[in-house]
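For reference, protein.txt is printed below; it contains compact mmCIF, C-alpha atoms.
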```txt
# COMPACT_ATOMS: atom_id res chain seq x y z
CA MET Y 1 -70.49 -18.02 -109.97
CA SER Y 2 -68.87 -21.06 -111.51
CA PHE Y 3 -65.58 -22.61 -110.53
CA GLN Y 4 -63.01 -24.64 -112.33
CA PHE Y 5 -62.74 -27.26 -109.60
CA THR Y 6 -62.06 -30.84 -110.62
CA GLU Y 7 -64.17 -33.67 -109.19
CA GLU Y 8 -61.29 -34.56 -106.94
CA GLN Y 9 -60.97 -31.00 -105.69
CA ILE Y 10 -64.66 -30.80 -104.92
CA LYS Y 11 -64.28 -33.91 -102.77
CA ARG Y 12 -60.99 -32.87 -101.25
CA TYR Y 13 -62.24 -29.47 -100.17
CA SER Y 14 -65.88 -30.42 -99.50
CA ARG Y 15 -65.65 -29.68 -95.77
CA HIS Y 16 -64.45 -26.18 -96.59
CA ILE Y 17 -66.89 -25.58 -99.41
CA ILE Y 18 -69.93 -26.39 -97.27
CA LEU Y 19 -68.91 -23.74 -94.75
CA PRO Y 20 -70.82 -20.56 -95.66
CA GLU Y 21 -67.80 -18.48 -94.57
CA VAL Y 22 -65.59 -20.29 -97.07
CA GLY Y 23 -67.61 -21.77 -99.91
CA GLY Y 24 -66.35 -22.13 -103.44
CA VAL Y 25 -65.29 -18.48 -103.46
CA GLY Y 26 -63.15 -18.94 -100.36
CA GLN Y 27 -61.65 -22.17 -101.62
CA GLN Y 28 -60.67 -20.42 -104.83
CA LYS Y 29 -59.03 -17.68 -102.74
CA LEU Y 30 -57.03 -20.34 -100.91
CA LEU Y 31 -55.94 -21.96 -104.17
CA ASN Y 32 -54.85 -18.57 -105.49
CA ALA Y 33 -53.02 -17.58 -102.29
CA LYS Y 34 -49.25 -17.40 -101.93
CA VAL Y 35 -47.90 -17.87 -98.42
CA LEU Y 36 -44.25 -17.77 -97.38
CA VAL Y 37 -43.18 -19.72 -94.31
CA ILE Y 38 -39.85 -18.91 -92.65
CA GLY Y 39 -38.44 -22.09 -91.13
CA ALA Y 40 -39.56 -25.67 -91.82
CA GLY Y 41 -39.13 -26.66 -88.19
CA GLY Y 42 -41.25 -26.90 -85.05
CA LEU Y 43 -43.65 -24.14 -86.09
CA GLY Y 44 -43.30 -24.42 -89.86
CA SER Y 45 -44.10 -28.13 -89.89
CA PRO Y 46 -47.67 -27.85 -88.63
CA SER Y 47 -48.37 -24.52 -90.34
CA ILE Y 48 -47.12 -25.71 -93.72
CA TYR Y 49 -48.90 -29.05 -93.37
CA TYR Y 50 -52.27 -27.45 -92.60
CA LEU Y 51 -51.91 -24.74 -95.22
CA ALA Y 52 -51.14 -27.45 -97.76
CA ALA Y 53 -54.09 -29.56 -96.66
CA ALA Y 54 -56.32 -26.48 -96.92
CA GLY Y 55 -55.28 -26.04 -100.53
CA VAL Y 56 -53.17 -22.89 -100.28
CA GLY Y 57 -51.95 -22.92 -103.85
CA THR Y 58 -48.42 -21.63 -103.46
CA ILE Y 59 -46.30 -22.17 -100.37
CA GLY Y 60 -42.78 -20.78 -100.20
CA ILE Y 61 -40.50 -22.35 -97.61
CA VAL Y 62 -37.22 -20.83 -96.42
CA ASP Y 63 -34.72 -22.94 -94.48
CA PHE Y 64 -31.02 -23.64 -94.90
CA ASP Y 65 -30.77 -26.58 -92.53
CA VAL Y 66 -30.85 -30.34 -93.07
CA VAL Y 67 -33.07 -32.76 -91.17
CA ASP Y 68 -31.48 -34.04 -87.96
CA PHE Y 69 -32.65 -36.83 -85.63
CA SER Y 70 -33.16 -34.20 -82.92
CA ASN Y 71 -35.79 -32.50 -85.10
CA LEU Y 72 -38.09 -35.49 -85.30
CA GLN Y 73 -39.54 -35.10 -81.79
CA ARG Y 74 -41.72 -32.28 -83.20
CA GLN Y 75 -41.02 -31.44 -86.85
CA ILE Y 76 -43.74 -33.59 -88.34
CA LEU Y 77 -43.04 -32.71 -91.99
CA HIS Y 78 -39.85 -34.75 -91.76
CA ASN Y 79 -39.21 -38.39 -90.94
CA THR Y 80 -36.43 -40.83 -90.14
CA SER Y 81 -35.55 -41.58 -93.76
CA ARG Y 82 -35.02 -37.86 -94.44
CA VAL Y 83 -32.24 -37.33 -91.90
CA GLY Y 84 -29.49 -35.46 -93.74
CA VAL Y 85 -31.85 -34.17 -96.46
CA PRO Y 86 -32.36 -30.38 -96.73
CA LYS Y 87 -35.46 -29.45 -94.75
CA VAL Y 88 -37.02 -27.57 -97.65
CA GLU Y 89 -36.70 -30.67 -99.85
CA SER Y 90 -38.15 -32.93 -97.18
CA ALA Y 91 -41.00 -30.47 -96.59
CA LYS Y 92 -41.69 -30.30 -100.33
CA MET Y 93 -41.91 -34.11 -100.58
CA THR Y 94 -44.34 -34.31 -97.67
CA VAL Y 95 -46.53 -31.51 -99.00
CA GLU Y 96 -46.63 -32.91 -102.53
CA ALA Y 97 -47.62 -36.32 -101.20
CA LEU Y 98 -50.47 -34.72 -99.26
CA ASN Y 99 -51.84 -32.37 -101.90
CA PRO Y 100 -50.79 -32.12 -105.56
CA ASP Y 101 -52.66 -28.80 -105.87
CA VAL Y 102 -49.92 -27.06 -103.89
CA LYS Y 103 -46.90 -25.60 -105.62
CA VAL Y 104 -43.96 -25.50 -103.22
CA ILE Y 105 -41.19 -23.00 -103.80
CA ALA Y 106 -38.17 -24.11 -101.79
CA TYR Y 107 -35.53 -21.59 -100.70
CA ASN Y 108 -32.63 -23.60 -99.35
CA LYS Y 109 -30.82 -20.55 -98.09
CA LYS Y 110 -30.24 -18.30 -95.12
CA LEU Y 111 -32.17 -15.06 -95.17
CA ASP Y 112 -30.07 -11.94 -95.19
CA LYS Y 113 -30.26 -8.30 -96.21
CA SER Y 114 -29.44 -9.11 -99.79
CA ASN Y 115 -32.21 -11.63 -100.45
CA VAL Y 116 -35.08 -11.11 -97.99
CA LEU Y 117 -37.00 -8.44 -99.92
CA ASP Y 118 -36.69 -10.34 -103.17
CA ILE Y 119 -37.98 -13.57 -101.61
CA ILE Y 120 -40.91 -11.97 -99.76
CA LYS Y 121 -42.12 -9.61 -102.47
CA ASP Y 122 -44.14 -12.10 -104.51
CA PHE Y 123 -46.05 -13.57 -101.55
CA ASP Y 124 -49.31 -12.38 -100.00
CA ILE Y 125 -48.65 -13.36 -96.38
CA VAL Y 126 -45.55 -14.31 -94.37
CA LEU Y 127 -45.45 -16.73 -91.42
CA ASP Y 128 -42.42 -16.42 -89.18
CA GLY Y 129 -41.39 -19.64 -87.45
CA SER Y 130 -37.68 -18.91 -87.25
CA ASP Y 131 -35.52 -19.74 -84.25
CA ASN Y 132 -33.58 -16.56 -83.66
CA PHE Y 133 -34.01 -12.83 -83.12
CA PRO Y 134 -31.84 -11.56 -86.01
CA THR Y 135 -34.06 -13.38 -88.52
CA ARG Y 136 -37.22 -12.20 -86.79
CA PHE Y 137 -36.15 -8.54 -86.95
CA LEU Y 138 -35.02 -8.90 -90.56
CA VAL Y 139 -38.30 -10.53 -91.60
CA ASN Y 140 -40.33 -7.98 -89.66
CA ASP Y 141 -38.59 -5.00 -91.19
CA ALA Y 142 -38.82 -6.48 -94.68
CA CYS Y 143 -42.55 -7.25 -94.30
CA TYR Y 144 -43.14 -3.72 -93.02
CA MET Y 145 -41.29 -2.19 -95.96
CA LEU Y 146 -43.21 -4.34 -98.44
CA GLY Y 147 -46.60 -3.98 -96.71
CA LYS Y 148 -47.08 -7.74 -96.22
CA PRO Y 149 -49.07 -9.16 -93.31
CA LEU Y 150 -46.84 -11.10 -90.91
CA VAL Y 151 -48.10 -13.90 -88.69
CA SER Y 152 -45.50 -14.31 -85.98
CA ALA Y 153 -45.20 -17.17 -83.51
CA ALA Y 154 -42.45 -18.23 -81.13
CA ILE Y 155 -42.02 -21.14 -78.77
CA LEU Y 156 -39.76 -21.97 -75.86
CA ARG Y 157 -39.91 -24.79 -73.32
CA PHE Y 158 -43.61 -24.92 -72.38
CA GLU Y 159 -44.64 -21.54 -73.74
CA GLY Y 160 -45.87 -20.18 -77.02
CA GLN Y 161 -46.58 -16.67 -78.28
CA LEU Y 162 -48.59 -15.56 -81.31
CA THR Y 163 -49.56 -12.27 -82.91
CA VAL Y 164 -50.32 -10.76 -86.32
CA PHE Y 165 -48.78 -7.60 -87.75
CA ASP Y 166 -50.97 -6.41 -90.58
CA TYR Y 167 -48.68 -4.22 -92.64
CA ARG Y 168 -51.37 -3.70 -95.24
CA ASN Y 169 -52.60 -1.17 -92.65
CA LYS Y 170 -49.36 0.43 -91.53
CA GLU Y 171 -51.15 3.43 -90.06
CA THR Y 172 -52.97 1.34 -87.48
CA SER Y 173 -51.16 -1.96 -87.01
CA PRO Y 174 -48.39 -2.06 -84.42
CA CYS Y 175 -45.15 -3.68 -85.55
CA TYR Y 176 -42.80 -6.24 -83.99
CA ARG Y 177 -40.55 -3.42 -82.82
CA CYS Y 178 -43.47 -1.79 -80.98
CA LEU Y 179 -43.49 -4.94 -78.86
CA ILE Y 180 -39.74 -5.62 -78.87
CA PRO Y 181 -37.82 -2.46 -79.82
CA GLU Y 182 -34.51 -4.26 -80.31
CA PRO Y 183 -33.11 -7.79 -80.00
CA PRO Y 184 -31.96 -8.92 -76.55
CA PRO Y 185 -28.20 -8.74 -76.10
CA PRO Y 186 -26.37 -12.07 -76.38
CA GLY Y 187 -26.71 -14.18 -73.29
CA LEU Y 188 -29.93 -12.83 -71.88
CA VAL Y 189 -32.59 -14.87 -73.58
CA PRO Y 190 -32.45 -18.54 -74.41
CA SER Y 191 -33.18 -18.65 -78.10
CA CYS Y 192 -31.62 -21.88 -79.25
CA GLN Y 193 -31.83 -25.58 -78.91
CA GLU Y 194 -30.22 -25.79 -75.47
CA ALA Y 195 -33.34 -24.33 -73.87
CA GLY Y 196 -35.53 -27.30 -74.77
CA LEU Y 197 -39.10 -27.46 -75.94
CA LEU Y 198 -42.08 -29.72 -75.46
CA GLY Y 199 -42.66 -30.70 -79.10
CA VAL Y 200 -46.40 -30.34 -79.07
CA VAL Y 201 -46.14 -26.62 -78.19
CA GLY Y 202 -44.84 -26.08 -81.73
CA GLY Y 203 -47.78 -28.09 -83.03
CA ILE Y 204 -50.27 -25.91 -81.19
CA MET Y 205 -48.70 -22.56 -82.03
CA GLY Y 206 -47.89 -23.46 -85.66
CA THR Y 207 -51.47 -24.61 -86.16
CA LEU Y 208 -52.72 -21.31 -84.72
CA GLN Y 209 -50.42 -19.51 -87.16
CA ALA Y 210 -52.04 -21.40 -90.02
CA ASN Y 211 -55.45 -20.43 -88.64
CA GLU Y 212 -54.52 -16.73 -88.72
CA ALA Y 213 -53.17 -17.10 -92.26
CA LEU Y 214 -56.36 -18.79 -93.48
CA LYS Y 215 -58.48 -16.04 -91.90
CA LEU Y 216 -56.39 -13.36 -93.61
CA ILE Y 217 -56.73 -15.10 -96.98
CA LEU Y 218 -60.46 -15.64 -96.60
CA GLY Y 219 -61.07 -12.22 -95.05
CA ILE Y 220 -63.11 -13.71 -92.21
CA GLY Y 221 -63.08 -13.28 -88.44
CA GLU Y 222 -60.74 -10.97 -86.59
CA PRO Y 223 -57.00 -11.26 -87.10
CA LEU Y 224 -54.90 -11.23 -83.93
CA VAL Y 225 -53.63 -7.68 -84.51
CA GLY Y 226 -52.53 -5.62 -81.49
CA LYS Y 227 -52.94 -8.64 -79.28
CA LEU Y 228 -50.34 -11.10 -78.06
CA LEU Y 229 -51.62 -14.58 -77.33
CA VAL Y 230 -49.55 -16.44 -74.76
CA PHE Y 231 -49.97 -20.19 -74.30
CA ASP Y 232 -48.84 -21.94 -71.12
CA ALA Y 233 -48.70 -25.66 -71.80
CA LEU Y 234 -48.20 -26.61 -68.16
CA LYS Y 235 -51.38 -24.89 -67.01
CA THR Y 236 -53.14 -25.34 -70.35
CA GLU Y 237 -54.00 -21.67 -70.41
CA PHE Y 238 -54.29 -19.16 -73.23
CA ARG Y 239 -54.06 -15.50 -72.26
CA THR Y 240 -54.23 -12.44 -74.47
CA VAL Y 241 -52.60 -9.12 -73.69
CA LYS Y 242 -52.98 -5.93 -75.68
CA PHE Y 243 -50.29 -3.79 -77.22
CA ARG Y 244 -50.39 -0.75 -79.42
CA LYS Y 245 -48.54 1.10 -82.06
CA ASN Y 246 -45.70 2.91 -80.31
CA PRO Y 247 -45.47 6.52 -81.53
CA LYS Y 248 -41.74 6.40 -80.68
CA CYS Y 249 -41.16 3.15 -82.58
CA GLU Y 250 -37.99 3.41 -84.64
CA LEU Y 251 -39.56 1.55 -87.55
CA CYS Y 252 -43.23 2.54 -87.67
CA GLY Y 253 -43.42 5.53 -85.27
CA GLU Y 254 -43.86 9.20 -85.99
CA ASN Y 255 -40.15 9.82 -86.61
CA PRO Y 256 -38.77 6.55 -87.85
CA THR Y 257 -35.01 6.17 -87.92
CA ILE Y 258 -34.84 2.72 -89.45
CA LYS Y 259 -34.96 3.07 -93.22
CA ASP Y 260 -32.82 0.13 -94.26
CA LEU Y 261 -32.65 -3.51 -93.33
CA ILE Y 262 -30.45 -4.39 -90.35
CA GLU Y 263 -28.58 -7.64 -89.75
CA TYR Y 264 -28.10 -8.24 -86.05
CA GLU Y 265 -25.55 -10.59 -84.53
CA GLN Y 266 -26.83 -13.98 -83.54
CA ALA Y 267 -27.44 -14.22 -79.81
CA CYS Y 268 -27.52 -17.79 -78.66
CA GLU Y 269 -26.74 -18.48 -75.04
CA VAL Y 270 -28.84 -19.68 -72.18
CA ARG Y 271 -29.12 -17.48 -69.19
CA PHE Y 272 -32.66 -17.60 -67.79
CA MET N 273 -51.31 -3.63 -52.30
CA ALA N 274 -51.43 -7.36 -52.93
CA VAL N 275 -50.78 -7.92 -56.60
CA THR N 276 -50.71 -11.17 -58.56
CA VAL N 277 -47.70 -11.59 -60.85
CA ARG N 278 -47.71 -14.06 -63.74
CA ILE N 279 -44.26 -15.51 -64.23
CA PRO N 280 -43.29 -16.69 -67.74
CA THR N 281 -41.93 -20.19 -68.08
CA ALA N 282 -38.49 -18.76 -68.88
CA LEU N 283 -38.30 -17.20 -65.39
CA ARG N 284 -39.79 -20.01 -63.35
CA ARG N 285 -36.40 -21.38 -62.43
CA VAL N 286 -36.02 -18.27 -60.31
CA THR N 287 -39.41 -18.75 -58.65
CA GLN N 288 -38.85 -22.44 -57.95
CA GLY N 289 -41.34 -23.36 -60.62
CA GLN N 290 -44.16 -21.08 -59.50
CA GLY N 291 -46.17 -19.65 -62.37
CA GLU N 292 -48.02 -17.13 -60.25
CA VAL N 293 -46.84 -15.28 -57.17
CA THR N 294 -48.34 -12.58 -54.97
CA VAL N 295 -46.34 -9.55 -53.85
CA GLU N 296 -47.02 -6.27 -52.07
CA ALA N 297 -46.32 -3.27 -54.29
CA SER N 298 -47.97 0.01 -55.26
CA ASN N 299 -46.19 0.47 -58.57
CA ILE N 300 -44.15 -1.55 -61.08
CA ALA N 301 -40.75 -0.41 -59.74
CA GLN N 302 -41.73 -1.58 -56.25
CA LEU N 303 -43.05 -4.80 -57.69
CA ILE N 304 -39.67 -5.54 -59.26
CA ASP N 305 -37.93 -4.88 -55.94
CA ALA N 306 -40.44 -7.05 -54.09
CA LEU N 307 -39.83 -9.88 -56.56
CA GLU N 308 -36.07 -9.51 -56.11
CA LYS N 309 -36.42 -9.70 -52.33
CA GLU N 310 -38.39 -12.92 -52.53
CA PHE N 311 -36.59 -14.42 -55.53
CA PRO N 312 -33.01 -13.15 -55.70
CA GLY N 313 -31.75 -12.88 -59.26
CA MET N 314 -35.07 -11.73 -60.65
CA LYS N 315 -34.24 -8.04 -60.91
CA GLU N 316 -31.20 -8.33 -63.16
CA ARG N 317 -33.31 -10.33 -65.59
CA LEU N 318 -35.94 -7.61 -65.73
CA VAL N 319 -33.97 -4.36 -65.63
CA ASP N 320 -30.68 -3.26 -67.14
CA GLU N 321 -27.64 -1.76 -65.41
CA ASN N 322 -29.28 1.69 -65.52
CA GLY N 323 -32.37 0.45 -63.75
CA GLU N 324 -34.54 0.64 -66.87
CA ILE N 325 -36.84 -2.21 -67.79
CA ARG N 326 -35.14 -4.32 -70.43
CA LYS N 327 -36.49 -3.62 -73.90
CA PHE N 328 -37.31 -7.23 -74.65
CA VAL N 329 -39.27 -7.69 -71.41
CA ASN N 330 -42.87 -6.50 -71.48
CA PHE N 331 -45.04 -5.83 -68.44
CA PHE N 332 -48.81 -5.82 -68.69
CA VAL N 333 -51.11 -4.58 -65.93
CA ASN N 334 -54.53 -6.15 -66.31
CA ASP N 335 -53.56 -6.98 -69.92
CA GLU N 336 -52.48 -3.41 -70.81
CA ASP N 337 -48.88 -2.72 -71.85
CA ILE N 338 -47.21 -0.46 -69.24
CA ARG N 339 -45.51 1.46 -72.07
CA PHE N 340 -48.93 2.97 -72.65
CA LEU N 341 -49.62 3.47 -68.95
CA GLN N 342 -46.89 5.05 -66.87
CA GLY N 343 -44.01 2.65 -67.39
CA LYS N 344 -42.20 1.79 -64.16
CA ASP N 345 -44.37 4.29 -62.31
CA THR N 346 -47.62 2.62 -63.33
CA PRO N 347 -49.66 2.47 -60.11
CA LEU N 348 -50.96 -0.84 -58.82
CA LYS N 349 -53.96 -1.52 -56.66
CA ASP N 350 -55.22 -4.50 -54.71
CA GLY N 351 -56.16 -7.37 -56.97
CA ASP N 352 -54.28 -6.15 -60.06
CA VAL N 353 -52.73 -8.82 -62.23
CA VAL N 354 -49.29 -8.13 -63.70
CA ALA N 355 -48.03 -10.34 -66.51
CA ILE N 356 -44.32 -10.39 -67.33
CA ILE N 357 -43.77 -11.49 -70.92
CA PRO N 358 -40.23 -11.62 -72.28
CA ALA N 359 -39.61 -11.95 -76.00
CA ILE N 360 -38.89 -15.46 -77.17
CA ALA N 361 -37.61 -16.48 -80.57
CA GLY N 362 -37.67 -20.26 -80.81
CA GLY N 363 -39.45 -22.04 -83.60
CA ASN N 364 -37.26 -23.91 -85.93
CA LYS N 365 -34.19 -25.62 -84.52
```
The structure in this file should be written as structure tokens.
Amino acid sequence: MSFQFTEEQIKRYSRHIILPEVGGVGQQKLLNAKVLVIGAGGLGSPSIYYLAAAGVGTIGIVDFDVVDFSNLQRQILHNTSRVGVPKVESAKMTVEALNPDVKVIAYNKKLDKSNVLDIIKDFDIVLDGSDNFPTRFLVNDACYMLGKPLVSAAILRFEGQLTVFDYRNKETSPCYRCLIPEPPPPGLVPSCQEAGLLGVVGGIMGTLQANEALKLILGIGEPLVGKLLVFDALKTEFRTVKFRKNPKCELCGENPTIKDLIEYEQACEVRF
Amino acid sequence: MAVTVRIPTALRRVTQGQGEVTVEASNIAQLIDALEKEFPGMKERLVDENGEIRKFVNFFVNDEDIRFLQGKDTPLKDGDVVAIIPAIAGGNK
């Protein structure tokens, strides 16, 4: 099989191409892949950066925020000179400087019922690195409806969580609602900036998200489906627990009641 | 039954920073009460006003989700490890 790689690409991706599990075929799959990342923040920064370095050919980035000084402790796509610049623009500049093979599609907007399906539909895989439950439920439901694999990570303080929902196999893959049937009521879970976060936890979990995405694109290894990986930065421990498809799940169960997208109210208070 | 409970970072304020505690309990409901006795304030974070486990808090016994065991009535034996894992949503901000 022959490839249309340039000399520069052969050099750039040589450490991939010599891996038998990747090779020229795998590298071409990466270049052809379209990955959407929700949030260009603590998780999105490392995941987008590594996907770009790996040569994922199209990366969509959704974020409606601008870069703030308080982001720079962990959001490594951005830098001091970008404070005040939309995050998607800053991310695009960093990615393009790293790898000109990558086409970045920037969505400087808030996801809602009216746009989420349209944004997701042209991508192969979605990575959720958002900072709130309403977005996570919206993205989950939209990915389920469209049959797109969703790599979901979340971080808080010294803890990270990661799992994969493979909605290409809806019959077997559990969904986000099998794990969390509905968003916590306001005030019960710290979900915003007041809770604090050791910056590197985002680096670790976002990088693991990129790893799952690359495996899905290449079709190698075992995706983290039906398993929740929990990282404890203070003990430096990774633990995996199992979960299953819930037959009573309102989205993917035997008698689903959720047929349309739902916009939940933002819950953003610290209680724990 | 002496059971090991893994406390998520979000709840360690209640356990004075302990990430792992040992309690005596023979099912999950008893375990929640035992935690409350030792660490007041724990129960309301884990169960709602009707006494049901909150939907965004997951319990795993030896890495299996109790939803697929017997829920609150899931029996516990000596040496079991129970992980409490609440949903978290942070990532961007």
*Looking at only C-alpha atoms, which of N:Ile338, N:Val277, N:Ala361, N:Val329 is the one that sits closest to Ala306 (chain N)?*
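When distances to Ala306 (chain N) are compared using only C-alpha atoms, the smallest one comes from N:Val277.
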*asked:* Select, as a PyMOL selection string, those residues of chain Y with any atom no more than 6 Å from chain N (distances computed using only C-alpha atoms).
replied: chain Y and resi 39+41-43+129-133+154-156+180+184+191+241-243
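For the pair CA of Val88 (chain Y) and CA of His16 (chain Y), the interatomic distance is 27.5 Å.
CA of Leu146 (chain Y) sits 15.1 Å away from CA of Ile262 (chain Y).
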*Could you work out how far CA of Leu162 (chain Y) lies from CA of Pro183 (chain Y), giving the answer in Å with one decimal?*
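CA of Leu162 (chain Y) lies 17.4 Å from CA of Pro183 (chain Y).
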*Of the candidates N:Ile279, N:Val319, N:Val293, N:Ser298, which shows the shortest atom-to-atom distance to Asp350 (chain N), using all atoms listed in the file?*
N:Ser298
Scan for residues within 10 Å of the point (-55.4, 2.2, -79.7) in the coordinates of the file, using all atoms listed in the file, and reply as a PDB file with C-alpha atoms, keeping the file's coordinate frame.
```pdb
ATOM      1  CA  THR Y 172     -52.970   1.340 -87.480  1.00  0.00           C
ATOM      2  CA  SER Y 173     -51.160  -1.960 -87.010  1.00  0.00           C
ATOM      3  CA  PRO Y 174     -48.390  -2.060 -84.420  1.00  0.00           C
ATOM      4  CA  GLY Y 226     -52.530  -5.620 -81.490  1.00  0.00           C
ATOM      5  CA  LYS Y 242     -52.980  -5.930 -75.680  1.00  0.00           C
ATOM      6  CA  PHE Y 243     -50.290  -3.790 -77.220  1.00  0.00           C
ATOM      7  CA  ARG Y 244     -50.390  -0.750 -79.420  1.00  0.00           C
ATOM      8  CA  LYS Y 245     -48.540   1.100 -82.060  1.00  0.00           C
ATOM      9  CA  ASN Y 246     -45.700   2.910 -80.310  1.00  0.00           C
TER      10      ASN Y 246
ATOM     11  CA  PHE N 340     -48.930   2.970 -72.650  1.00  0.00           C
TER      12      PHE N 340
END
```
